[in-house]
Every structure is written in structure tokens, then in C-alpha cells.
Amino acid sequence: MTFFAGTGLVVKLVLLILLYFSVVSWAIIFYKLLQVHRANSESERFLEFFWKTKRFDAINAQVDRFANSPLTVLFSEGYGELKKLMDRGEQKEEPDVISTDLGGIDNISRSLRRATTSEITRLEKYTTFLATTGATAPFIGLFGTVWGIMTAFKGIGETGSASLAVVAPGIAEALIATAIGLVAAIPAVMGYNHFQHKIRVLIGEMDSFSTEFLNIVQRSFAKK
């Protein structure tokens, strides 16, 4: 704290910006760790329940047990669209079937794609801040480094001496700015890469689930 009070205005501003990036990045990292962990664990449980239960109405009655899984959102959207199409079938005295003439399968497929896009957006929320921190924090720190070195040279010019007492404050400012920039950037980059990998795995699960859901609908409900 004493060192911070002794730095120049520009370096103070640089350090405060880097501190902001670091604190927010760590908050996002902890939040996303919890979110992604819940999404993975509840998706595994939901898939096990889904294949054991098989009946869509029974599954729909229990989706709240897996509220953090993106797969339950896909199921709810797909099942909701299926119910609408089946209601139309009942009006035509054809219960429990959906007509391909009405674009039934296409409607369900579109609802699944919309739900997938929505869930990807939700899962990727805030990760762009981590990418921004990883890309910009080192350069912000480098700016503080350059400014600290300029301060050191300015001290030499004003005193006509290159003694340690003259150059040490400016060099210290330069080094601390570089260090804080790296401290902010490295966890952000690691966190971003980790979450992108986990999200890609979840996207693959969503795509597979959508395909399986459509296959079940085609086998069990579609009228040829």
C-alpha cells in the first residue's frame, strides 16, 4: 500500500485498471466453474433418467429436478412443440401422431436449434471478458512499464545522476506494472480456455440429444 501511494498518477491508474480486471476475472472464473459443473453433472443425471423413463410426459413432469442442465431446456422446447402438433392431430381425429405434411418434424427441429443457441449464449456469457482480460492486461501492464522507465530517465535528466536512489522508483513502478498485468492475464486465459473446452463438450451433448430426440419423435409419433 505504501508503494502504491508513492507511485505516479499514471501508474496508479494502470494498477487500478489491472486490479479491476483481475477481481472481475476471478469472480467470473468461480461463477463459471459452478455453472459448468452443475450443467455437466445434471446433464449426466438427466440423460440417465431420460433413457430409463422413455415416456415424454413422465420426463416432462420431472425436468425441474435437472434445472441447471441445458438438455432439459432442449427437451422442454422440443416436447412443447410436439404437444402443439399432437393437439392439432387430435383436432383432426388422429391422436398421438403428427403429420409430416404440416412440417411437424421441421418445427420440432427448429425449436431444438433455437433452444441450443439460447443455451450456448447462456453458457458463454461473461467468458468474453476473460478473453478480453487475457488479451489486453499484458499491454496495459506494458504501458505502465514504459511509463515507469520514462519516469526513471526523467529523474536521471533532472538530477544528472544515475544512482540507485534516482532510478529505483521508476524501475520499481515499471516492474510492478508488468507483474500485475501478467497476474491479471494468466488466470483469465487459462479460465477462458478451460470453459471453452467444457462448453464445446456440452454443445456436443446438446447436438446428440437433439438428434436422438428427433429420432424418437419420428419413430413414435410421425405419420408417414
# chains A, B, ... in the order shown; residues from 1 in each chain; ligands from 1
>>> closest_atom_pairs(of="segment 30-86 of chain A", to="segment 122-144 of chain A", cutoff="10 Å", atoms="only C-alpha atoms", output="Markdown table")
| residue | atom | partner | partner_atom | distance |
| --- | --- | --- | --- | --- |
| A:Tyr31 | CA | A:Tyr126 | CA | 9.6 |
| A:Lys32 | CA | A:Leu123 | CA | 8.2 |
| A:Gln35 | CA | A:Leu123 | CA | 8.0 |
| A:Val36 | CA | A:Leu123 | CA | 7.6 |
| A:Ala39 | CA | A:Leu123 | CA | 9.1 |
| A:Pro70 | CA | A:Leu123 | CA | 8.9 |
>>> residues_around(residues="segment 205-219 of chain A", least_positions_apart="6", cutoff="7 Å", atoms="only C-alpha atoms", output="ChimeraX atom specification")
/A:71,112,116
>>> select_by_dssp(residues="segment 26-147 of chain A", states="alpha helix (DSSP H)", output="ChimeraX atom specification")
/A:26-53,56-60,70-91,104-124,127-147
>>> closest_residue(among="A:Trp51, A:Phe195, A:Ser111, A:Ile105", to="Ser76 of chain A", atoms="only C-alpha atoms")
A:Ser111
>>> residues_around(residues="Ile180 of chain A", least_positions_apart="6", cutoff="8 Å", atoms="only C-alpha atoms", output="PyMOL selection string")
chain A and resi 15+18-19+141
>>> atom_distance(atom1="atom CA of Gly181 of chain A", atom2="atom CA of His37 of chain A")
28.7 Å
>>> closest_residue(among="A:Lys54, A:Ala67, A:Ile59, A:Thr72", to="Arg38 of chain A", atoms="only C-alpha atoms")
A:Ala67
>>> closest_residue(among="A:Val183, A:Ile149, A:Glu77, A:Met86", to="Arg114 of chain A", atoms="only C-alpha atoms")
A:Glu77
>>> residues_around(residues="Ser69 of chain A", least_positions_apart="6", cutoff="9 Å", atoms="only C-alpha atoms", output="NGL selection string")
:A and (38-44 or 46)
>>> write_last_selection(atoms="C-alpha atoms", output="compact mmCIF listing (two decimals), in the first residue's frame")
# COMPACT_ATOMS: atom_id res chain seq x y z
CA ARG A 38 -23.77 -28.11 -12.38
CA ALA A 39 -24.56 -28.25 -16.11
CA ASN A 40 -22.31 -31.29 -16.59
CA SER A 41 -23.42 -33.24 -13.53
CA GLU A 42 -27.14 -32.59 -14.03
CA SER A 43 -26.90 -33.37 -17.75
CA GLU A 44 -25.44 -36.78 -16.91
CA PHE A 46 -30.90 -36.21 -16.85
>>> atom_distance(atom1="atom CA of Phe49 of chain A", atom2="atom CA of Tyr79 of chain A")
15.8 Å
>>> atom_distance(atom1="atom CA of Leu175 of chain A", atom2="atom CA of Trp147 of chain A")
10.7 Å
